[in-house]
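Shown next: entry18.cif, given as mmCIF, C-alpha atoms.
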```cif
data_structure
#
loop_
_atom_site.label_atom_id
_atom_site.label_comp_id
_atom_site.auth_asym_id
_atom_site.auth_seq_id
_atom_site.Cartn_x
_atom_site.Cartn_y
_atom_site.Cartn_z
CA MET A 1 -47.02 1.51 165.57
CA PRO A 2 -43.41 0.73 166.39
CA VAL A 3 -41.04 2.46 164.00
CA ILE A 4 -37.73 0.91 162.95
CA ASN A 5 -35.24 3.26 161.30
CA PHE A 6 -32.23 1.75 159.49
CA GLU A 7 -29.31 4.06 158.65
CA GLY A 8 -26.86 2.31 156.36
CA PRO A 9 -25.20 2.24 152.93
CA LYS A 10 -26.81 2.04 149.48
CA LEU A 11 -28.80 -1.20 149.13
CA SER A 12 -30.49 -3.14 146.34
CA ILE A 13 -34.27 -3.42 146.38
CA ASP A 14 -33.91 -7.08 147.23
CA GLN A 15 -31.77 -6.26 150.28
CA LYS A 16 -34.40 -3.72 151.38
CA ARG A 17 -37.18 -6.28 150.92
CA LYS A 18 -35.30 -8.78 153.10
CA LEU A 19 -34.46 -6.19 155.80
CA VAL A 20 -38.09 -5.11 156.12
CA LYS A 21 -39.29 -8.72 156.28
CA SER A 22 -36.64 -9.86 158.79
CA PHE A 23 -36.94 -6.87 161.12
CA THR A 24 -40.74 -7.03 161.14
CA ASP A 25 -40.84 -10.80 161.69
CA ALA A 26 -38.32 -10.64 164.53
CA ALA A 27 -39.98 -7.67 166.23
CA ARG A 28 -43.47 -9.18 165.92
CA GLU A 29 -42.30 -12.43 167.46
CA ILE A 30 -40.39 -10.77 170.32
CA THR A 31 -42.94 -8.09 171.23
CA GLY A 32 -46.22 -9.80 170.31
CA ILE A 33 -47.30 -6.66 168.40
CA PRO A 34 -49.10 -7.52 165.13
CA GLU A 35 -47.10 -7.28 161.91
CA ASN A 36 -49.36 -4.61 160.42
CA ALA A 37 -48.43 -2.14 163.14
CA PHE A 38 -44.74 -1.93 162.14
CA VAL A 39 -43.22 0.79 160.00
CA VAL A 40 -39.64 0.39 158.71
CA LEU A 41 -37.75 3.34 157.21
CA ILE A 42 -34.55 2.65 155.26
CA LYS A 43 -32.08 5.52 154.93
CA GLU A 44 -29.27 5.13 152.40
CA ASN A 45 -26.22 7.25 153.15
CA GLN A 46 -23.30 8.10 150.88
CA ARG A 47 -19.85 7.21 152.16
CA GLU A 48 -18.96 10.89 152.45
CA ASN A 49 -21.89 11.41 154.84
CA ILE A 50 -20.85 8.82 157.42
CA GLY A 51 -17.97 9.20 159.84
CA THR A 52 -16.46 6.67 162.21
CA GLY A 53 -13.42 7.15 164.45
CA GLY A 54 -13.34 10.81 163.43
CA GLN A 55 -12.93 10.07 159.71
CA LEU A 56 -15.31 9.94 156.74
CA LEU A 57 -15.90 6.45 155.33
CA ALA A 58 -15.10 8.00 151.92
CA ASP A 59 -11.57 8.79 153.18
CA ARG A 60 -10.79 5.25 154.41
CA GLU A 61 -8.45 3.29 152.10
CA MET B 1 -36.33 25.07 169.74
CA PRO B 2 -38.81 22.24 169.29
CA VAL B 3 -38.00 20.13 166.25
CA ILE B 4 -40.70 18.44 164.17
CA ASN B 5 -39.52 15.73 161.80
CA PHE B 6 -41.91 14.50 159.09
CA GLU B 7 -41.07 11.21 157.34
CA GLY B 8 -43.35 10.67 154.37
CA PRO B 9 -43.62 10.34 150.58
CA LYS B 10 -42.49 12.76 147.85
CA LEU B 11 -44.36 16.06 148.17
CA SER B 12 -44.84 19.20 146.06
CA ILE B 13 -43.33 22.44 147.35
CA ASP B 14 -46.85 23.68 148.02
CA GLN B 15 -47.62 20.65 150.21
CA LYS B 16 -44.37 21.27 152.12
CA ARG B 17 -45.26 24.93 152.59
CA LYS B 18 -48.66 23.98 154.03
CA LEU B 19 -47.24 21.26 156.31
CA VAL B 20 -44.68 23.64 157.81
CA LYS B 21 -47.30 26.33 158.34
CA SER B 22 -49.93 23.99 159.84
CA PHE B 23 -47.56 22.12 162.15
CA THR B 24 -45.98 25.32 163.42
CA ASP B 25 -49.30 27.08 163.96
CA ALA B 26 -50.78 24.12 165.81
CA ALA B 27 -47.70 23.55 167.98
CA ARG B 28 -47.38 27.26 168.83
CA GLU B 29 -51.00 27.43 169.89
CA ILE B 30 -50.90 24.22 171.95
CA THR B 31 -47.53 24.76 173.67
CA GLY B 32 -47.38 28.57 173.86
CA ILE B 33 -43.82 28.49 172.45
CA PRO B 34 -43.22 31.33 169.96
CA GLU B 35 -43.40 30.50 166.25
CA ASN B 36 -39.78 31.47 165.61
CA ALA B 37 -38.49 28.71 167.87
CA PHE B 38 -39.84 25.86 165.71
CA VAL B 39 -37.80 23.89 163.18
CA VAL B 40 -39.58 21.51 160.80
CA LEU B 41 -37.63 18.93 158.77
CA ILE B 42 -39.36 17.19 155.87
CA LYS B 43 -37.93 13.86 154.76
CA GLU B 44 -39.14 12.45 151.44
CA ASN B 45 -38.79 8.69 151.15
CA GLN B 46 -39.03 6.51 148.05
CA ARG B 47 -41.62 3.73 148.11
CA GLU B 48 -38.84 1.13 148.10
CA ASN B 49 -37.42 2.60 151.32
CA ILE B 50 -40.58 2.28 153.40
CA GLY B 51 -41.97 -0.98 154.75
CA THR B 52 -45.27 -1.68 156.47
CA GLY B 53 -46.59 -5.04 157.59
CA GLY B 54 -43.26 -6.62 156.61
CA GLN B 55 -43.52 -5.53 152.97
CA LEU B 56 -42.04 -2.65 150.93
CA LEU B 57 -44.59 -0.06 149.79
CA ALA B 58 -43.04 -0.50 146.32
CA ASP B 59 -44.18 -4.15 146.36
CA ARG B 60 -47.82 -3.44 147.23
CA GLU B 61 -50.18 -3.79 144.25
CA MET C 1 -47.18 5.13 157.27
CA PRO C 2 -45.84 8.67 157.59
CA VAL C 3 -44.08 9.22 160.91
CA ILE C 4 -44.13 12.58 162.69
CA ASN C 5 -41.58 13.01 165.48
CA PHE C 6 -41.99 15.95 167.86
CA GLU C 7 -38.98 16.91 170.05
CA GLY C 8 -40.00 19.46 172.65
CA PRO C 9 -40.41 20.21 176.36
CA LYS C 10 -42.50 18.37 178.99
CA LEU C 11 -46.19 18.47 178.06
CA SER C 12 -49.50 17.64 179.74
CA ILE C 13 -51.50 14.70 178.40
CA ASP C 14 -54.04 17.19 177.07
CA GLN C 15 -51.35 19.04 175.09
CA LYS C 16 -50.17 15.70 173.66
CA ARG C 17 -53.72 14.75 172.71
CA LYS C 18 -54.14 18.04 170.85
CA LEU C 19 -50.75 17.81 169.10
CA VAL C 20 -51.47 14.32 167.80
CA LYS C 21 -54.93 15.35 166.59
CA SER C 22 -53.78 18.60 164.93
CA PHE C 23 -50.72 17.14 163.24
CA THR C 24 -52.64 14.14 161.92
CA ASP C 25 -55.58 16.23 160.70
CA ALA C 26 -53.31 18.71 158.92
CA ALA C 27 -51.12 16.04 157.34
CA ARG C 28 -54.10 13.96 156.19
CA GLU C 29 -55.70 16.98 154.56
CA ILE C 30 -52.49 18.17 152.85
CA THR C 31 -51.21 14.78 151.66
CA GLY C 32 -54.47 12.87 151.12
CA ILE C 33 -53.05 9.91 153.08
CA PRO C 34 -55.70 8.31 155.36
CA GLU C 35 -55.63 9.22 159.04
CA ASN C 36 -55.00 5.64 160.17
CA ALA C 37 -51.63 5.57 158.42
CA PHE C 38 -50.03 8.27 160.60
CA VAL C 39 -47.81 7.62 163.59
CA VAL C 40 -46.87 10.52 165.89
CA LEU C 41 -44.06 10.17 168.44
CA ILE C 42 -43.74 12.80 171.17
CA LYS C 43 -40.35 13.17 172.83
CA GLU C 44 -40.17 15.21 176.03
CA ASN C 45 -36.74 16.67 176.73
CA GLN C 46 -35.41 18.17 179.96
CA ARG C 47 -34.08 21.72 179.77
CA GLU C 48 -30.56 20.48 180.47
CA ASN C 49 -30.72 18.23 177.38
CA ILE C 50 -31.50 20.98 174.86
CA GLY C 51 -29.02 23.56 173.64
CA THR C 52 -29.59 26.61 171.49
CA GLY C 53 -27.02 29.22 170.51
CA GLY C 54 -24.32 27.11 172.15
CA GLN C 55 -25.96 27.18 175.58
CA LEU C 56 -28.18 24.77 177.54
CA LEU C 57 -31.77 25.94 178.00
CA ALA C 58 -31.25 25.10 181.70
CA ASP C 59 -28.52 27.78 181.86
CA ARG C 60 -30.62 30.57 180.35
CA GLU C 61 -31.85 33.17 182.92
CA MET D 1 -21.31 3.63 170.18
CA PRO D 2 -22.57 7.17 170.58
CA VAL D 3 -24.29 8.38 167.44
CA ILE D 4 -24.18 12.03 166.35
CA ASN D 5 -26.72 13.05 163.72
CA PHE D 6 -26.26 16.40 161.95
CA GLU D 7 -29.24 17.81 160.01
CA GLY D 8 -28.15 20.80 157.96
CA PRO D 9 -27.73 22.27 154.47
CA LYS D 10 -25.69 20.94 151.53
CA LEU D 11 -21.98 20.78 152.44
CA SER D 12 -18.68 20.26 150.63
CA ILE D 13 -16.74 17.08 151.36
CA ASP D 14 -14.16 19.20 153.16
CA GLN D 15 -16.82 20.67 155.46
CA LYS D 16 -18.06 17.15 156.21
CA ARG D 17 -14.54 15.96 156.96
CA LYS D 18 -14.05 18.81 159.42
CA LEU D 19 -17.45 18.31 161.10
CA VAL D 20 -16.79 14.61 161.68
CA LYS D 21 -13.32 15.31 163.06
CA SER D 22 -14.41 18.19 165.32
CA PHE D 23 -17.50 16.50 166.72
CA THR D 24 -15.64 13.25 167.40
CA ASP D 25 -12.66 14.99 169.01
CA ALA D 26 -14.89 17.13 171.24
CA ALA D 27 -17.14 14.24 172.27
CA ARG D 28 -14.19 11.92 172.99
CA GLU D 29 -12.54 14.53 175.18
CA ILE D 30 -15.73 15.42 177.09
CA THR D 31 -17.08 11.88 177.60
CA GLY D 32 -13.85 9.83 177.74
CA ILE D 33 -15.32 7.36 175.25
CA PRO D 34 -12.71 6.19 172.69
CA GLU D 35 -12.77 7.81 169.24
CA ASN D 36 -13.46 4.54 167.45
CA ALA D 37 -16.83 4.16 169.16
CA PHE D 38 -18.36 7.28 167.55
CA VAL D 39 -20.59 7.27 164.50
CA VAL D 40 -21.46 10.58 162.81
CA LEU D 41 -24.28 10.80 160.24
CA ILE D 42 -24.54 13.92 158.07
CA LYS D 43 -27.94 14.67 156.54
CA GLU D 44 -28.06 17.30 153.80
CA ASN D 45 -31.47 18.93 153.40
CA GLN D 46 -32.77 21.08 150.54
CA ARG D 47 -34.05 24.54 151.44
CA GLU D 48 -37.56 23.51 150.52
CA ASN D 49 -37.46 20.70 153.10
CA ILE D 50 -36.62 22.88 156.12
CA GLY D 51 -39.06 25.23 157.81
CA THR D 52 -38.44 27.80 160.53
CA GLY D 53 -40.95 30.21 162.01
CA GLY D 54 -43.69 28.50 159.99
CA GLN D 55 -42.03 29.21 156.62
CA LEU D 56 -39.87 27.19 154.22
CA LEU D 57 -36.25 28.36 154.00
CA ALA D 58 -36.78 28.28 150.22
CA ASP D 59 -39.46 30.98 150.60
CA ARG D 60 -37.32 33.38 152.62
CA GLU D 61 -36.04 36.28 150.48
CA MET E 1 -31.74 25.83 161.95
CA PRO E 2 -29.33 22.92 161.80
CA VAL E 3 -30.17 20.25 164.37
CA ILE E 4 -27.50 18.14 166.07
CA ASN E 5 -28.75 15.03 167.86
CA PHE E 6 -26.37 13.25 170.26
CA GLU E 7 -27.27 9.69 171.33
CA GLY E 8 -25.00 8.55 174.14
CA PRO E 9 -24.76 7.46 177.78
CA LYS E 10 -25.85 9.31 180.93
CA LEU E 11 -23.91 12.59 181.28
CA SER E 12 -23.38 15.25 183.95
CA ILE E 13 -24.81 18.71 183.33
CA ASP E 14 -21.27 19.98 182.91
CA GLN E 15 -20.57 17.43 180.18
CA LYS E 16 -23.79 18.47 178.43
CA ARG E 17 -22.84 22.15 178.69
CA LYS E 18 -19.46 21.41 177.09
CA LEU E 19 -20.92 19.23 174.32
CA VAL E 20 -23.44 21.90 173.31
CA LYS E 21 -20.75 24.60 173.32
CA SER E 22 -18.17 22.55 171.39
CA PHE E 23 -20.57 21.21 168.77
CA THR E 24 -22.11 24.63 168.16
CA ASP E 25 -18.74 26.40 167.97
CA ALA E 26 -17.31 23.84 165.55
CA ALA E 27 -20.40 23.76 163.33
CA ARG E 28 -20.67 27.56 163.22
CA GLU E 29 -17.02 27.89 162.22
CA ILE E 30 -17.18 25.15 159.56
CA THR E 31 -20.54 26.08 157.98
CA GLY E 32 -20.62 29.85 158.54
CA ILE E 33 -24.18 29.54 159.93
CA PRO E 34 -24.74 31.86 162.94
CA GLU E 35 -24.58 30.30 166.40
CA ASN E 36 -28.18 31.19 167.26
CA ALA E 37 -29.50 28.97 164.49
CA PHE E 38 -28.22 25.71 166.04
CA VAL E 39 -30.30 23.33 168.12
CA VAL E 40 -28.56 20.50 169.99
CA LEU E 41 -30.57 17.61 171.48
CA ILE E 42 -28.87 15.29 173.96
CA LYS E 43 -30.37 11.84 174.40
CA GLU E 44 -29.19 9.79 177.37
CA ASN E 45 -29.61 6.05 176.91
CA GLN E 46 -29.44 3.30 179.53
CA ARG E 47 -26.93 0.53 178.93
CA GLU E 48 -29.73 -1.97 178.41
CA ASN E 49 -31.11 0.14 175.54
CA ILE E 50 -27.94 0.16 173.43
CA GLY E 51 -26.61 -2.80 171.48
CA THR E 52 -23.32 -3.20 169.64
CA GLY E 53 -22.06 -6.30 167.87
CA GLY E 54 -25.42 -7.97 168.53
CA GLN E 55 -25.18 -7.62 172.31
CA LEU E 56 -26.59 -5.19 174.88
CA LEU E 57 -23.99 -2.92 176.50
CA ALA E 58 -25.56 -4.01 179.83
CA ASP E 59 -24.48 -7.60 179.09
CA ARG E 60 -20.83 -6.80 178.34
CA GLU E 61 -18.31 -7.67 181.14
CA MET F 1 -21.50 1.72 161.31
CA PRO F 2 -25.12 1.15 160.38
CA VAL F 3 -27.46 2.42 163.09
CA ILE F 4 -30.81 0.76 163.80
CA ASN F 5 -33.25 2.78 165.90
CA PHE F 6 -36.29 1.02 167.38
CA GLU F 7 -39.17 3.18 168.66
CA GLY F 8 -41.65 1.06 170.56
CA PRO F 9 -43.32 0.33 173.91
CA LYS F 10 -41.72 -0.56 177.26
CA LEU F 11 -39.80 -3.84 176.97
CA SER F 12 -38.16 -6.34 179.32
CA ILE F 13 -34.38 -6.68 179.22
CA ASP F 14 -34.82 -10.10 177.66
CA GLN F 15 -36.93 -8.66 174.84
CA LYS F 16 -34.25 -6.00 174.24
CA ARG F 17 -31.53 -8.64 174.19
CA LYS F 18 -33.44 -10.63 171.56
CA LEU F 19 -34.22 -7.56 169.43
CA VAL F 20 -30.58 -6.49 169.31
CA LYS F 21 -29.44 -10.03 168.45
CA SER F 22 -32.10 -10.60 165.77
CA PHE F 23 -31.75 -7.23 164.08
CA THR F 24 -27.96 -7.45 164.02
CA ASP F 25 -27.91 -11.04 162.74
CA ALA F 26 -30.41 -10.27 159.97
CA ALA F 27 -28.70 -7.05 158.88
CA ARG F 28 -25.24 -8.66 158.89
CA GLU F 29 -26.47 -11.53 156.75
CA ILE F 30 -28.35 -9.30 154.28
CA THR F 31 -25.74 -6.54 153.90
CA GLY F 32 -22.50 -8.45 154.47
CA ILE F 33 -21.35 -5.78 156.94
CA PRO F 34 -19.57 -7.30 159.98
CA GLU F 35 -21.58 -7.66 163.20
CA ASN F 36 -19.29 -5.39 165.18
CA ALA F 37 -20.17 -2.40 163.00
CA PHE F 38 -23.85 -2.33 164.03
CA VAL F 39 -25.32 -0.05 166.68
CA VAL F 40 -28.90 -0.63 167.86
CA LEU F 41 -30.74 2.01 169.91
CA ILE F 42 -33.96 1.02 171.69
CA LYS F 43 -36.37 3.81 172.59
CA GLU F 44 -39.19 2.99 174.99
CA ASN F 45 -42.20 5.27 174.69
CA GLN F 46 -45.10 5.72 177.09
CA ARG F 47 -48.59 5.15 175.68
CA GLU F 48 -49.38 8.83 176.12
CA ASN F 49 -46.45 9.77 173.87
CA ILE F 50 -47.52 7.74 170.84
CA GLY F 51 -50.39 8.64 168.55
CA THR F 52 -51.96 6.66 165.73
CA GLY F 53 -54.96 7.62 163.64
CA GLY F 54 -54.99 11.02 165.35
CA GLN F 55 -55.43 9.55 168.84
CA LEU F 56 -53.06 8.81 171.74
CA LEU F 57 -52.53 5.10 172.42
CA ALA F 58 -53.29 5.97 176.06
CA ASP F 59 -56.80 7.04 175.01
CA ARG F 60 -57.67 3.87 173.11
CA GLU F 61 -60.06 1.50 174.97
#
```

Do you think you could lay out the structure here as structure tokens?
Amino acid sequence: MPVINFEGPKLSIDQKRKLVKSFTDAAREITGIPENAFVVLIKENQRENIGTGGQLLADRE
Amino acid sequence: MPVINFEGPKLSIDQKRKLVKSFTDAAREITGIPENAFVVLIKENQRENIGTGGQLLADRE
Amino acid sequence: MPVINFEGPKLSIDQKRKLVKSFTDAAREITGIPENAFVVLIKENQRENIGTGGQLLADRE
Amino acid sequence: MPVINFEGPKLSIDQKRKLVKSFTDAAREITGIPENAFVVLIKENQRENIGTGGQLLADRE
Amino acid sequence: MPVINFEGPKLSIDQKRKLVKSFTDAAREITGIPENAFVVLIKENQRENIGTGGQLLADRE
Amino acid sequence: MPVINFEGPKLSIDQKRKLVKSFTDAAREITGIPENAFVVLIKENQRENIGTGGQLLADRE
């Protein structure tokens, strides 16, 4: 029942597949919790919805 | 001011209406906090953005 | 695999038990997703960590 | 590394720009943490995905 | 009904009071949504529960 | 600026260290985003604050 939430940019389905596999494998190995208990949620954010250093990513370069 | 966040699949507006009503009614009754204080956020996720057991939902069957 | 996150005040274990049961029952019935797929996370927040209307709950009355 | 998550309605890019700037400036000044460490995520929600007082925003008037 | 979630370090009650006031004032002014509709949640995280650049904050210097 | 949020059980500092390292390494490799841009937040939840299948973890066996 652990829940892993990933907030990042737009991704391809293959990148999502690899993220879910890698995060679940790593977390299973480190915590000993069985693979089937993990939920991973992938959130894709537009560059105008993310800010760092007080500035939108969409406004950088 | 309690906040209930629901992460699930695509839903019809009628399903959303019922979720908001049921969650708020139940939480009001159990906590004694007035109905008007509750915020419910519904997040609809595509099957390629959810992973369980190390696999995307979009890749199952 | 839906995830329900509840942000509220301190609760007794019996209130938590009832919240988890009510939310899961309602969501199962409305969405048709089996009960075992639901994860509920309960977050208990101190009154000095919640603000409404620009003011901490801890500062009200 | 603080993370500020804003859940609200649809916004213009100019509103987003101002939110990111204001939140980061205020948080830097209050906490003393340098501006570059802050991440702001803006989540735009449809009126049928937000409920208050047990009712969808989309159903109000 | 917008919800602002702040994930950061341990804070004094006075810092929390100022964060809630500043965030709410800025968001009200930028969005036009009335002050009473805003909820702010402050989450205080220990240094061993935050990682940046692949390393726990607790392990830096 | 991607943010990874892990909701799970109580963990040792060594487990946290390994989670942060593994998640960041995997996400860097899969997305191509530099390591320094990643923030990982680890949330430790008590067994009475997590429900699955309509039941608190604290009430199982």

With 12 Å as the threshold, what does the neighbourhood of (-13.6, 17.6, 148.1) contain in terms of residues, counting only C-alpha atoms? Coordinates are those of the file; answer as a PDB file with C-alpha atoms, in the coordinates of the input.
```
ATOM      1  CA  GLU A  48     -18.960  10.890 152.450  1.00  0.00           C
ATOM      2  CA  LEU A  56     -15.310   9.940 156.740  1.00  0.00           C
ATOM      3  CA  ALA A  58     -15.100   8.000 151.920  1.00  0.00           C
ATOM      4  CA  ASP A  59     -11.570   8.790 153.180  1.00  0.00           C
TER       5      ASP A  59
ATOM      6  CA  LEU D  11     -21.980  20.780 152.440  1.00  0.00           C
ATOM      7  CA  SER D  12     -18.680  20.260 150.630  1.00  0.00           C
ATOM      8  CA  ILE D  13     -16.740  17.080 151.360  1.00  0.00           C
ATOM      9  CA  ASP D  14     -14.160  19.200 153.160  1.00  0.00           C
ATOM     10  CA  GLN D  15     -16.820  20.670 155.460  1.00  0.00           C
ATOM     11  CA  LYS D  16     -18.060  17.150 156.210  1.00  0.00           C
ATOM     12  CA  ARG D  17     -14.540  15.960 156.960  1.00  0.00           C
ATOM     13  CA  LYS D  18     -14.050  18.810 159.420  1.00  0.00           C
TER      14      LYS D  18
END
```

Give one line per residue of chain D that approaches chain A to at most 6 Å, naming the two atoms of the closest pair and their distance in Å to one decimal, counting all atoms listed in the file; sort by chain then ascending residue number and deliver it as CSV.
```
residue,atom,partner,partner_atom,distance
D:Val20,CA,A:Gly54,CA,5.4
D:Lys21,CA,A:Gly54,CA,4.5
D:Thr24,CA,A:Gly54,CA,5.2
D:Glu35,CA,A:Gly53,CA,4.9
D:Asn36,CA,A:Gly53,CA,4.0
D:Phe38,CA,A:Thr52,CA,5.7
D:Val39,CA,A:Thr52,CA,4.8
D:Val40,CA,A:Gly51,CA,4.8
D:Leu41,CA,A:Ile50,CA,4.9
D:Ile42,CA,A:Asn49,CA,4.9
```

Shortest contact to Asn5 of chain D, candidates D:Arg60, D:Ala26, D:Gly32, D:Lys43, atoms counted all atoms listed in the file, goes to D:Lys43

Students should find that atom CA of Met1 of chain D and atom CA of Ala37 of chain A are spaced 28.6 Å

In Å to one decimal, how far is atom CA of Ile4 of chain D from atom CA of Ser22 of chain D?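 Computing it gives 11.6 Å between the two atoms.
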
Atom pair atom CA of Ile33 of chain B + atom CA of Thr31 of chain E, distance 27.5 Å
